[in-house]
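S.K.: coords-v1.txt is reproduced in full below (compact mmCIF, C-alpha atoms).
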# COMPACT_ATOMS: atom_id res chain seq x y z
CA MET A 1 -4.17 -23.98 21.48
CA ALA A 2 -0.85 -22.11 21.67
CA LYS A 3 -0.22 -19.10 23.90
CA ALA A 4 1.31 -15.72 23.03
CA ASN A 5 4.47 -14.56 24.85
CA ASP A 6 4.06 -11.82 27.46
CA LEU A 7 7.04 -9.41 27.42
CA THR A 8 5.74 -7.34 30.35
CA GLN A 9 6.77 -9.87 33.03
CA GLY A 10 10.13 -11.45 33.82
CA LYS A 11 13.80 -10.55 33.51
CA VAL A 12 14.24 -7.98 30.74
CA SER A 13 17.55 -9.14 29.28
CA SER A 14 16.48 -12.79 29.17
CA LEU A 15 13.16 -11.98 27.53
CA ILE A 16 14.74 -9.78 24.89
CA LEU A 17 17.54 -12.20 24.07
CA LYS A 18 15.12 -15.12 23.88
CA PHE A 19 12.98 -13.08 21.50
CA TYR A 20 15.98 -11.63 19.63
CA PHE A 21 18.00 -14.63 18.51
CA PRO A 22 15.32 -16.51 16.55
CA MET A 23 14.39 -13.22 14.90
CA LEU A 24 18.05 -12.46 14.13
CA LEU A 25 18.48 -15.83 12.47
CA THR A 26 15.26 -15.18 10.55
CA ASN A 27 16.45 -11.82 9.22
CA MET A 28 19.95 -13.07 8.50
CA LEU A 29 18.55 -15.99 6.54
CA GLN A 30 16.36 -13.59 4.56
CA GLN A 31 19.39 -11.51 3.69
CA MET A 32 21.46 -14.60 2.97
CA TYR A 33 18.98 -15.86 0.45
CA ASN A 34 18.86 -12.38 -1.05
CA ILE A 35 22.62 -12.59 -1.40
CA ALA A 36 22.29 -16.12 -2.75
CA ASP A 37 19.83 -14.76 -5.32
CA THR A 38 22.33 -12.11 -6.28
CA ALA A 39 25.29 -14.48 -6.40
CA ILE A 40 23.38 -17.07 -8.46
CA VAL A 41 22.20 -14.38 -10.88
CA GLY A 42 25.68 -12.84 -11.11
CA LYS A 43 27.53 -16.10 -11.58
CA GLY A 44 24.88 -17.81 -13.68
CA LEU A 45 23.72 -14.95 -15.92
CA GLY A 46 26.57 -12.42 -15.76
CA ASP A 47 27.22 -8.93 -14.39
CA ASN A 48 24.62 -7.24 -16.61
CA ALA A 49 21.85 -9.46 -15.23
CA LEU A 50 23.15 -8.73 -11.73
CA ALA A 51 23.03 -5.01 -12.48
CA ALA A 52 19.45 -5.34 -13.79
CA VAL A 53 18.25 -7.09 -10.63
CA GLY A 54 20.25 -4.76 -8.38
CA ASN A 55 18.94 -1.71 -10.20
CA MET A 56 15.46 -2.76 -9.04
CA SER A 57 16.41 -2.71 -5.36
CA SER A 58 15.52 0.90 -4.66
CA LEU A 59 12.20 0.55 -6.49
CA THR A 60 11.30 -2.70 -4.72
CA PHE A 61 12.24 -1.02 -1.42
CA LEU A 62 9.80 1.77 -2.27
CA ILE A 63 6.92 -0.69 -2.71
CA PHE A 64 7.89 -3.39 -0.22
CA GLY A 65 8.98 -0.79 2.34
CA PHE A 66 5.60 0.91 2.15
CA SER A 67 3.76 -2.36 2.76
CA MET A 68 6.19 -3.39 5.51
CA GLY A 69 5.73 -0.03 7.23
CA LEU A 70 1.98 -0.51 7.23
CA ALA A 71 2.28 -4.02 8.68
CA ASN A 72 4.69 -2.83 11.38
CA GLY A 73 2.45 0.11 12.24
CA PHE A 74 -0.66 -2.04 12.43
CA SER A 75 1.15 -4.53 14.68
CA VAL A 76 1.94 -1.79 17.24
CA ILE A 77 -1.79 -1.61 18.01
CA THR A 78 -1.85 -5.40 18.27
CA ALA A 79 1.09 -5.44 20.71
CA GLN A 80 -0.26 -2.58 22.83
CA SER A 81 -3.66 -4.31 23.05
CA PHE A 82 -1.97 -7.52 24.12
CA GLY A 83 0.10 -5.68 26.75
CA ALA A 84 -3.08 -4.07 28.11
CA LYS A 85 -4.84 -7.49 28.06
CA ASP A 86 -7.60 -6.07 25.82
CA TYR A 87 -8.13 -9.25 23.82
CA SER A 88 -11.28 -8.06 22.09
CA LYS A 89 -9.41 -5.12 20.54
CA LEU A 90 -6.50 -7.43 19.82
CA ARG A 91 -8.66 -9.69 17.67
CA ARG A 92 -10.36 -6.79 15.92
CA SER A 93 -7.00 -5.15 15.14
CA VAL A 94 -5.68 -8.36 13.55
CA ALA A 95 -8.84 -8.85 11.47
CA SER A 96 -8.91 -5.22 10.34
CA SER A 97 -5.18 -5.29 9.51
CA ALA A 98 -5.70 -8.33 7.29
CA MET A 99 -8.55 -6.68 5.37
CA LEU A 100 -6.67 -3.42 4.88
CA CYS A 101 -3.48 -5.17 3.77
CA PHE A 102 -5.38 -7.22 1.17
CA ILE A 103 -6.88 -4.06 -0.36
CA ILE A 104 -3.54 -2.25 -0.29
CA ALA A 105 -1.77 -5.23 -1.88
CA ALA A 106 -4.15 -5.12 -4.85
CA ALA A 107 -3.65 -1.38 -5.30
CA LEU A 108 0.16 -1.55 -5.03
CA THR A 109 0.32 -4.44 -7.52
CA ALA A 110 -1.66 -2.47 -10.09
CA LEU A 111 0.35 0.73 -9.62
CA SER A 112 3.81 -0.86 -9.54
CA THR A 113 3.28 -2.91 -12.70
CA ALA A 114 1.67 0.00 -14.55
CA PHE A 115 4.48 2.48 -13.82
CA LEU A 116 7.48 0.15 -13.81
CA LYS A 117 8.83 1.03 -17.26
CA PRO A 118 8.57 4.84 -16.95
CA VAL A 119 10.20 4.74 -13.51
CA LEU A 120 13.13 2.66 -14.80
CA HIS A 121 13.62 5.23 -17.58
CA LEU A 122 13.44 7.99 -14.99
CA LEU A 123 16.25 6.28 -13.08
CA ARG A 124 18.43 6.44 -16.22
CA THR A 125 18.54 2.67 -16.47
CA ASP A 126 21.04 1.59 -19.12
CA GLU A 127 19.43 -0.02 -22.19
CA ALA A 128 21.79 -2.99 -21.76
CA ILE A 129 19.92 -3.98 -18.59
CA MET A 130 16.45 -2.53 -19.27
CA HIS A 131 14.82 -5.73 -20.60
CA ASP A 132 15.97 -7.90 -17.71
CA GLY A 133 14.92 -5.20 -15.24
CA LEU A 134 11.40 -5.10 -16.67
CA VAL A 135 11.03 -8.88 -16.72
CA TYR A 136 12.24 -9.20 -13.13
CA GLY A 137 10.07 -6.31 -11.96
CA TYR A 138 6.84 -7.55 -13.54
CA PHE A 139 7.23 -10.94 -11.88
CA ILE A 140 8.21 -9.55 -8.46
CA PHE A 141 5.43 -6.97 -8.32
CA GLY A 142 2.92 -9.43 -9.75
CA GLY A 143 3.51 -11.60 -6.66
CA LEU A 144 3.40 -8.71 -4.20
CA ILE A 145 0.46 -10.15 -2.26
CA ALA A 146 2.62 -13.07 -1.11
CA THR A 147 5.24 -10.69 0.30
CA ILE A 148 2.62 -8.57 2.07
CA ALA A 149 0.94 -11.67 3.51
CA TYR A 150 4.22 -12.86 5.01
CA ASN A 151 5.07 -9.39 6.37
CA LEU A 152 1.69 -9.06 8.05
CA CYS A 153 1.70 -12.55 9.54
CA SER A 154 5.26 -12.26 10.86
CA CYS A 155 4.54 -8.80 12.35
CA ILE A 156 1.45 -10.14 14.16
CA LEU A 157 3.47 -13.02 15.60
CA ARG A 158 6.28 -10.73 16.75
CA ALA A 159 3.78 -8.35 18.32
CA LEU A 160 2.64 -11.32 20.41
CA GLY A 161 6.19 -12.23 21.37
CA ASP A 162 6.64 -15.12 18.92
CA SER A 163 9.89 -14.84 16.98
CA LYS A 164 10.40 -18.59 16.54
CA THR A 165 7.69 -19.30 13.98
CA PRO A 166 8.99 -16.71 11.45
CA PHE A 167 12.42 -18.29 11.94
CA VAL A 168 11.12 -21.76 11.06
CA ALA A 169 9.27 -20.27 8.09
CA ILE A 170 12.41 -18.60 6.77
CA ILE A 171 14.54 -21.73 7.17
CA ILE A 172 12.12 -23.65 4.98
CA SER A 173 11.56 -20.84 2.47
CA THR A 174 15.31 -20.20 2.17
CA ILE A 175 15.93 -23.80 1.21
CA VAL A 176 13.07 -23.64 -1.28
CA ASN A 177 14.31 -20.33 -2.70
CA ILE A 178 17.92 -21.39 -3.23
CA PHE A 179 16.89 -24.72 -4.76
CA LEU A 180 14.44 -23.08 -7.17
CA ASP A 181 16.94 -20.31 -7.99
CA THR A 182 19.59 -22.81 -8.95
CA PHE A 183 17.17 -25.09 -10.79
CA CYS A 184 15.54 -22.30 -12.81
CA ILE A 185 18.73 -20.49 -13.80
CA PHE A 186 21.22 -23.32 -14.28
CA VAL A 187 18.91 -26.15 -15.39
CA LEU A 188 15.89 -24.53 -17.03
CA LYS A 189 17.95 -21.52 -18.27
CA THR A 190 15.05 -19.19 -17.47
CA GLY A 191 16.99 -15.95 -17.00
CA VAL A 192 16.16 -13.35 -14.30
CA GLU A 193 12.50 -14.38 -14.18
CA GLY A 194 13.65 -17.64 -12.56
CA ALA A 195 15.06 -15.69 -9.60
CA ALA A 196 11.80 -13.75 -9.29
CA ILE A 197 9.63 -16.89 -9.40
CA ALA A 198 11.81 -18.54 -6.74
CA THR A 199 11.45 -15.51 -4.48
CA ILE A 200 7.66 -15.33 -4.85
CA PHE A 201 7.13 -19.04 -4.25
CA SER A 202 9.34 -18.96 -1.14
CA GLN A 203 7.28 -16.05 0.23
CA VAL A 204 4.10 -18.06 -0.28
CA VAL A 205 5.61 -20.90 1.74
CA SER A 206 6.73 -18.64 4.61
CA ALA A 207 3.35 -16.83 4.73
CA ALA A 208 1.50 -20.16 4.92
CA ILE A 209 3.64 -21.36 7.84
CA CYS A 210 3.11 -18.13 9.81
CA PHE A 211 -0.63 -18.09 9.10
CA ARG A 212 -0.97 -21.67 10.34
CA ARG A 213 0.64 -20.64 13.64
CA ILE A 214 -1.62 -17.57 14.01
CA ARG A 215 -4.70 -19.75 13.73
CA LYS A 216 -3.52 -21.78 16.74
CA ILE A 217 -2.95 -18.87 19.17
CA ASP A 218 -5.61 -18.92 21.90
CA VAL A 219 -6.18 -15.15 22.15
CA LEU A 220 -6.64 -14.97 18.36
CA ASN A 221 -9.81 -17.00 18.07
CA ILE A 222 -11.11 -14.57 15.45
CA THR A 223 -14.79 -14.68 14.41
CA LYS A 224 -16.82 -13.00 11.67
CA GLU A 225 -17.80 -10.34 14.19
CA ASP A 226 -14.17 -9.20 14.42
CA PHE A 227 -14.13 -8.39 10.69
CA ARG A 228 -16.98 -5.89 10.95
CA GLY A 229 -15.97 -2.38 9.90
CA ASN A 230 -14.89 -0.08 12.72
CA GLY A 231 -14.04 3.46 11.64
CA ALA A 232 -12.30 4.37 14.90
CA LEU A 233 -10.08 1.29 14.77
CA TYR A 234 -9.27 1.83 11.08
CA GLY A 235 -8.27 5.38 11.96
CA GLU A 236 -6.02 4.15 14.78
CA LEU A 237 -4.39 1.56 12.54
CA PHE A 238 -3.74 4.05 9.75
CA SER A 239 -2.50 6.72 12.16
CA ASN A 240 0.26 4.27 13.13
CA GLY A 241 0.74 2.46 9.83
CA LEU A 242 0.72 5.28 7.28
CA PRO A 243 3.50 7.40 8.82
CA MET A 244 5.72 4.32 9.07
CA ALA A 245 4.87 3.31 5.50
CA LEU A 246 5.58 6.83 4.26
CA MET A 247 8.85 6.88 6.21
CA ASN A 248 10.04 3.81 4.32
CA SER A 249 8.84 5.21 1.00
CA ILE A 250 10.46 8.59 1.60
CA THR A 251 13.70 6.83 2.48
CA ALA A 252 13.34 4.76 -0.70
CA VAL A 253 12.97 7.93 -2.78
CA GLY A 254 16.32 9.10 -1.43
CA CYS A 255 17.82 5.73 -2.37
CA MET A 256 16.30 6.00 -5.85
CA VAL A 257 17.99 9.38 -6.31
CA ILE A 258 21.31 7.79 -5.37
CA GLN A 259 20.56 5.01 -7.86
CA TYR A 260 19.92 7.70 -10.49
CA PHE A 261 23.37 9.21 -9.96
CA VAL A 262 25.06 5.79 -9.80
CA ASN A 263 23.42 4.68 -13.06
CA GLY A 264 24.75 7.80 -14.70
CA LEU A 265 28.30 6.60 -14.00
CA GLY A 266 27.90 3.37 -16.01
CA VAL A 267 26.94 -0.29 -15.68
CA ALA A 268 30.11 -1.20 -13.73
CA TYR A 269 29.11 1.25 -11.00
CA THR A 270 25.55 -0.06 -10.96
CA THR A 271 26.91 -3.59 -10.51
CA ALA A 272 29.27 -2.56 -7.70
CA TYR A 273 26.60 -0.54 -5.92
CA SER A 274 24.17 -3.47 -6.14
CA ALA A 275 26.68 -5.82 -4.54
CA CYS A 276 27.62 -3.33 -1.81
CA SER A 277 23.98 -2.68 -0.97
CA LYS A 278 23.39 -6.39 -0.41
CA PHE A 279 26.24 -6.57 2.10
CA ILE A 280 25.19 -3.43 3.94
CA ASN A 281 21.66 -4.78 4.27
CA LEU A 282 23.10 -8.04 5.59
CA PHE A 283 25.42 -6.36 8.10
CA MET A 284 22.61 -4.12 9.36
CA GLN A 285 20.53 -7.12 10.37
CA PRO A 286 21.79 -7.70 13.95
CA ALA A 287 20.98 -4.11 14.92
CA CYS A 288 17.86 -4.02 12.75
CA THR A 289 16.63 -7.11 14.56
CA ALA A 290 17.39 -5.51 17.91
CA GLY A 291 15.22 -2.64 16.69
CA PHE A 292 12.31 -5.01 15.97
CA ALA A 293 12.78 -6.49 19.45
CA MET A 294 12.75 -2.96 20.87
CA SER A 295 9.49 -2.20 19.06
CA ALA A 296 7.67 -5.30 20.33
CA PHE A 297 9.07 -4.91 23.85
CA THR A 298 8.24 -1.20 24.00
CA SER A 299 4.74 -1.68 22.58
CA GLN A 300 3.74 -4.36 25.07
CA ASN A 301 5.24 -2.54 28.06
CA TYR A 302 3.78 0.77 26.96
CA GLY A 303 0.36 -0.88 26.88
CA ALA A 304 1.06 -2.25 30.38
CA ARG A 305 2.46 1.15 31.55
CA ARG A 306 5.79 -0.44 32.52
CA PHE A 307 8.09 2.42 31.54
CA ASP A 308 10.92 1.31 33.83
CA ARG A 309 11.20 -1.86 31.79
CA ILE A 310 11.40 0.11 28.55
CA ARG A 311 14.56 1.85 29.83
CA GLU A 312 16.10 -1.52 30.68
CA GLY A 313 15.15 -2.84 27.26
CA LEU A 314 16.83 0.14 25.60
CA HIS A 315 20.13 -0.66 27.33
CA VAL A 316 20.00 -4.31 26.25
CA CYS A 317 19.24 -3.45 22.62
CA LEU A 318 21.93 -0.75 22.43
CA THR A 319 24.47 -3.25 23.74
CA ILE A 320 23.53 -5.67 20.96
CA ALA A 321 23.87 -2.88 18.36
CA THR A 322 27.29 -1.87 19.69
CA ILE A 323 28.67 -5.41 19.48
CA ALA A 324 27.29 -5.76 15.95
CA TYR A 325 28.96 -2.51 14.88
CA VAL A 326 32.38 -3.45 16.23
CA VAL A 327 32.37 -6.87 14.54
CA LEU A 328 30.67 -6.19 11.21
CA GLY A 329 31.91 -2.65 10.72
CA SER A 330 35.43 -4.03 11.00
CA VAL A 331 34.75 -6.62 8.30
CA MET A 332 33.58 -3.88 5.92
CA VAL A 333 36.59 -1.70 6.69
CA PHE A 334 39.31 -4.35 6.48
CA LEU A 335 37.94 -6.96 4.04
CA PRO A 336 36.14 -5.07 1.24
CA THR A 337 37.87 -6.94 -1.59
CA TYR A 338 36.90 -10.36 -0.28
CA LEU A 339 33.29 -9.22 0.12
CA ALA A 340 33.07 -7.83 -3.41
CA LYS A 341 34.51 -10.98 -4.97
CA ILE A 342 31.68 -13.08 -3.51
CA MET A 343 29.14 -11.54 -5.87
CA VAL A 344 30.90 -9.87 -8.79
CA SER A 345 33.43 -11.13 -11.30
CA GLY A 346 34.76 -8.09 -13.12
CA ALA A 347 37.89 -6.29 -11.90
CA GLU A 348 36.32 -2.84 -12.33
CA PRO A 349 33.22 -3.43 -10.14
CA ILE A 350 35.45 -4.99 -7.45
CA ALA A 351 37.74 -1.95 -7.46
CA ILE A 352 34.72 0.37 -7.23
CA ALA A 353 33.23 -1.58 -4.30
CA LYS A 354 36.54 -1.23 -2.42
CA THR A 355 36.03 2.54 -2.29
CA TYR A 356 32.49 2.27 -0.88
CA LEU A 357 32.42 -0.46 1.76
CA PRO A 358 35.07 0.89 4.19
CA ILE A 359 33.39 4.30 4.44
CA CYS A 360 30.03 2.76 5.26
CA GLY A 361 31.73 0.38 7.69
CA ILE A 362 33.12 3.30 9.71
CA PHE A 363 29.71 4.97 10.02
CA LEU A 364 27.69 1.78 10.49
CA PHE A 365 27.22 2.63 14.19
CA ALA A 366 24.83 5.43 13.24
CA VAL A 367 22.34 3.23 11.40
CA ASP A 368 22.71 0.49 14.04
CA PHE A 369 21.69 2.88 16.84
CA LEU A 370 19.06 4.46 14.59
CA PHE A 371 17.21 1.14 14.38
CA ILE A 372 16.91 0.98 18.18
CA PHE A 373 15.62 4.51 18.77
CA ARG A 374 13.37 4.63 15.70
CA ASN A 375 11.66 1.36 16.58
CA GLY A 376 11.35 2.52 20.17
CA ASN A 377 9.46 5.60 19.00
CA GLN A 378 7.22 3.38 16.89
CA GLY A 379 6.56 1.19 19.93
CA PHE A 380 5.42 4.27 21.85
CA GLY A 381 2.84 4.85 19.12
CA LYS A 382 4.73 7.95 17.91
CA PRO A 383 5.11 7.20 14.18
CA MET A 384 5.37 10.84 13.11
CA ILE A 385 8.91 11.12 14.49
CA PRO A 386 10.29 8.31 12.30
CA MET A 387 8.44 9.80 9.32
CA ILE A 388 10.01 13.22 9.90
CA SER A 389 13.39 11.54 10.25
CA GLY A 390 12.70 9.79 6.93
CA ILE A 391 12.26 13.18 5.29
CA ALA A 392 15.54 14.30 6.84
CA GLU A 393 17.26 11.15 5.54
CA MET A 394 15.99 11.81 2.04
CA ALA A 395 17.08 15.45 2.11
CA LEU A 396 20.56 14.57 3.38
CA ARG A 397 21.06 11.78 0.85
CA ILE A 398 20.01 13.94 -2.08
CA GLY A 399 21.91 17.01 -0.89
CA VAL A 400 25.20 15.25 -0.19
CA ILE A 401 25.31 13.21 -3.38
CA ALA A 402 24.25 16.12 -5.60
CA LEU A 403 26.92 18.37 -4.11
CA PHE A 404 29.81 15.93 -3.89
CA ILE A 405 29.51 13.40 -6.71
CA PRO A 406 31.03 15.91 -9.20
CA VAL A 407 33.93 16.39 -6.76
CA ILE A 408 34.75 12.96 -5.32
CA GLY A 409 32.79 10.66 -7.65
CA PHE A 410 31.31 7.36 -6.50
CA ARG A 411 32.53 7.80 -2.89
CA ALA A 412 29.86 10.48 -2.50
CA THR A 413 27.25 7.71 -2.39
CA ALA A 414 28.83 6.33 0.80
CA TYR A 415 29.00 9.75 2.44
CA ALA A 416 25.39 10.38 1.45
CA GLU A 417 24.35 7.21 3.31
CA ALA A 418 26.43 8.11 6.38
CA SER A 419 24.98 11.64 6.54
CA ALA A 420 21.43 10.31 6.31
CA TRP A 421 22.05 7.79 9.10
CA ILE A 422 23.55 10.37 11.48
CA GLY A 423 20.83 12.96 10.89
CA ALA A 424 17.99 10.47 11.44
CA LEU A 425 19.70 9.05 14.54
CA LEU A 426 19.91 12.44 16.24
CA LEU A 427 16.22 13.16 15.62
CA ASN A 428 14.98 9.76 16.83
CA MET A 429 17.26 9.62 19.85
CA THR A 430 16.12 13.05 21.06
CA ALA A 431 12.43 12.21 20.56
CA PHE A 432 12.71 8.82 22.29
CA GLU A 433 14.39 10.26 25.38
CA HIS A 434 11.80 13.03 25.60
CA THR A 435 8.86 10.61 25.39
CA LEU A 436 10.31 8.11 27.87
CA LYS A 437 11.23 10.74 30.48
CA LYS A 438 7.81 12.35 30.16
CA ASN A 439 6.03 9.05 30.76
CA MET A 440 8.33 8.00 33.60
CA ALA A 441 7.65 11.31 35.35
CA ALA A 442 3.87 10.85 35.10
CA PRO A 443 1.87 9.10 37.88
CA GLN A 444 2.43 5.36 37.50
CA ALA A 445 -1.17 4.21 37.46
CA LYS A 446 -1.81 0.58 36.78
CA PRO A 447 -3.52 -0.10 33.46
CA GLU A 448 -7.27 -0.37 33.69
CA LYS A 449 -8.45 -3.95 34.01
CA LEU A 450 -10.32 -4.58 30.81
CA ARG A 451 -12.91 -7.23 30.17
CA HIS A 452 -11.63 -9.80 27.74
CA ALA A 453 -12.35 -13.19 26.33
CA ALA A 454 -9.50 -15.61 25.93
Please, can you express the file's structure as structure tokens?

M.R.:
Amino acid sequence: MAKANDLTQGKVSSLILKFYFPMLLTNMLQQMYNIADTAIVGKGLGDNALAAVGNMSSLTFLIFGFSMGLANGFSVITAQSFGAKDYSKLRRSVASSAMLCFIIAAALTALSTAFLKPVLHLLRTDEAIMHDGLVYGYFIFGGLIATIAYNLCSCILRALGDSKTPFVAIIISTIVNIFLDTFCIFVLKTGVEGAAIATIFSQVVSAAICFRRIRKIDVLNITKEDFRGNGALYGELFSNGLPMALMNSITAVGCMVIQYFVNGLGVAYTTAYSACSKFINLFMQPACTAGFAMSAFTSQNYGARRFDRIREGLHVCLTIATIAYVVLGSVMVFLPTYLAKIMVSGAEPIAIAKTYLPICGIFLFAVDFLFIFRNGNQGFGKPMIPMISGIAEMALRIGVIALFIPVIGFRATAYAEASAWIGALLLNMTAFEHTLKKNMAAPQAKPEKLRHAA
């Protein structure tokens, strides 16, 4: 049987970096195969097909983000239980999370497929890309359970300090995804549904690999007894998961409003915005990954009442985010044309992207630091703060773009993003410092020794 990784003992920087790098490679590979999807669709099917797939990004973020928020929130309870060495609760939290995610996956699949067409009309989707958008969306949302299964399994593993297995899973699924993408689009001539099928199948592969690892972990010897309903535990899981899920969904609504304004400018702008969004998501990954590391590290050490270590972990993760900003923000500022040409062919979308990427590159530090503090708050079991910051993000995005797009045009979308990042950062940073100082000032009692079965 394999063992979980304890983040409450040992040198902080070494533990975090050992946990961080496999997870960084995992997330970067995920983004790379998303970019590969986009590039294959753009080069193989044309800019309109690229716009159709890109136009779905805010809607898929709404659904996938909700499910990911739930999985992340549920895994906080798993990590805190592991840190406190309460293995009975650990097993029950994993079993209950699996049951709840299965039910939620079924509900989200039904809702997303039923309301796809009216939502695309609501977003002012151009008729030239409507058909491809619907086809892509029906396939992607039809396979939602595979995505949720992978998210849950990878979150459980990370909560237990295992970032290597998701990395192996993504290596394999990335190869599968790119091969199937290329085969479906260039050989079978399937259209955008080929990209969707490749994505779903690759998620099935990655979920299976992670699940196989979970079954081998010694403290997760789950029995039928662990699946018995427990109202108090369900309440604890939802009290952490729902605010984080709603935070992602609220943020997605703000992104959908931006998509609405961008679509109103024409297909060329939709294409450029789609390409730019892919690169921003990619360049966020080093800091985003540091945020995931911060969440797992904070959760375990909060369960163990090791608040001094949480402060050390914060410094390590902020250093990672700073380095990422200097390097990748510079690429966005100084090389926007080269980035745009990777995914789009037309001169007009490339010119449009050149006005967006440098602005976001300058303000990238705000979202990089936001990932650290927001995930730290989640690790404390304080999910309401990130949810409130999500509302602030949405309000800032909508307000800035509505006010300034008539004045400065497409550039308003970049300033809307920057404003949302800065506002959310200030809220999360203040809340994190308050919670940490409060806990550090409290009597440092050792955690109660709980009975457990390995």

S.K.: How close does each residue of region 231-290 of chain A get to region 88-103 of chain A, giving the shortest atom pair and distance in Å to one decimal for every residue with an atom at most 12 Å away, counting only C-alpha atoms, sorted by chain and residue number, as a Markdown table?

M.R.:
| residue | atom | partner | partner_atom | distance |
| --- | --- | --- | --- | --- |
| A:Gly231 | CA | A:Ser96 | CA | 10.2 |
| A:Ala232 | CA | A:Ser93 | CA | 10.9 |
| A:Leu233 | CA | A:Ser93 | CA | 7.1 |
| A:Tyr234 | CA | A:Ser96 | CA | 7.1 |
| A:Gly235 | CA | A:Ser96 | CA | 10.7 |
| A:Glu236 | CA | A:Ser93 | CA | 9.4 |
| A:Leu237 | CA | A:Ser97 | CA | 7.5 |
| A:Phe238 | CA | A:Leu100 | CA | 9.4 |
| A:Asn240 | CA | A:Ser97 | CA | 11.6 |
| A:Gly241 | CA | A:Ser97 | CA | 9.8 |
| A:Leu242 | CA | A:Leu100 | CA | 11.7 |

S.K.: Just the residues within 8 Å of region 343-347 of chain A, please, counting all atoms listed in the file, with nothing from its chain fewer than 4 positions along; format it as a ChimeraX atom specification.

M.R.: /A:35,38-39,42-43,47,271-272,275,339,351

S.K.: Please save C-alpha atoms of the selected residues as a PDB file, keeping the file's coordinate frame.

M.R.:
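Listing of out-v1.pdb after writing:
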ATOM      1  CA  ILE A  35      22.620 -12.590  -1.400  1.00  0.00           C
ATOM      2  CA  THR A  38      22.330 -12.110  -6.280  1.00  0.00           C
ATOM      3  CA  ALA A  39      25.290 -14.480  -6.400  1.00  0.00           C
ATOM      4  CA  GLY A  42      25.680 -12.840 -11.110  1.00  0.00           C
ATOM      5  CA  LYS A  43      27.530 -16.100 -11.580  1.00  0.00           C
ATOM      6  CA  ASP A  47      27.220  -8.930 -14.390  1.00  0.00           C
ATOM      7  CA  THR A 271      26.910  -3.590 -10.510  1.00  0.00           C
ATOM      8  CA  ALA A 272      29.270  -2.560  -7.700  1.00  0.00           C
ATOM      9  CA  ALA A 275      26.680  -5.820  -4.540  1.00  0.00           C
ATOM     10  CA  LEU A 339      33.290  -9.220   0.120  1.00  0.00           C
ATOM     11  CA  ALA A 351      37.740  -1.950  -7.460  1.00  0.00           C
TER      12      ALA A 351
END

S.K.: In Å, how far is it from CA of Ile258 (chain A) to CA of Ile398 (chain A)?

M.R.: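 Separation between CA of Ile258 (chain A) and CA of Ile398 (chain A): 7.1 Å.
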
S.K.: Hey, what's within 6 Å of Ser75 (chain A) if we count all atoms listed in the file and toss same-chain stuff fewer than 3 positions away? As a list in words, please?

M.R.: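 So the residues in contact are Asn72, Thr78, Cys155, Ile156 and Ala159 of chain A.
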
S.K.: With all atoms listed in the file counted, which protein, DNA or RNA residues have an atom no more than 12 Å from (8.9, -25.9, 3.8) in the file frame? Please answer as a PyMOL selection string.

M.R.: chain A and resi 166-177+179+201-210

S.K.: Between A:Gly291, A:Gly313, A:Met284, A:Met394, which one has atoms that come closest to Gly329 (chain A), using all atoms listed in the file?

M.R.: A:Met284

S.K.: I'd like the neighbourhood of Ala353 (chain A) as number ranges by chain, where a residue qualifies if any of its atoms comes within 8 Å (using only C-alpha atoms), though same-chain residues fewer than 2 positions away should be ignored.

M.R.: A: 272-273, 275-276, 336-337, 340, 349-351, 355-357

S.K.: Report the distance between CA of Val327 (chain A) and CA of Phe283 (chain A) in Å, rounded to one decimal place.

M.R.: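 Atom-to-atom, CA of Val327 (chain A) to CA of Phe283 (chain A), that is 9.5 Å.
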
S.K.: Return the single residue from A:Leu24, A:Ala36, A:Val257, A:Ile222 that is closest to Val119 (chain A), with distances computed using all atoms listed in the file.

M.R.: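 When distances to Val119 (chain A) are compared using all atoms listed in the file, the smallest one comes from A:Val257.
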
S.K.: What gap, in Å, lies between CA of Tyr260 (chain A) and CA of Leu335 (chain A)?

M.R.: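 Separating CA of Tyr260 (chain A) from CA of Leu335 (chain A) is a distance of 27.4 Å.
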
S.K.: Report the centre and edge lengths, in Å to one decimal, of an axis-aligned box enclosing every atom of region 24-29 of chain A listed in the file, padded by 6 Å on each side, as JSON.

M.R.:
{"center_x": 17.6, "center_y": -13.9, "center_z": 10.3, "size_x": 16.7, "size_y": 16.2, "size_z": 19.6}

S.K.: Excluding Ile391 (chain A) and residues on its chain fewer than 6 positions from it, collect all residues at most 12 Å away from it, counting only C-alpha atoms, and give them as a list in words.

M.R.: Pro243, Met244, Leu246, Met247, Asn248, Ser249, Ile250, Thr251, Ala252, Val253, Gly254, Met384, Ile385, Arg397, Ile398, Ala420, Trp421, Gly423, Ala424 and Leu427 of chain A
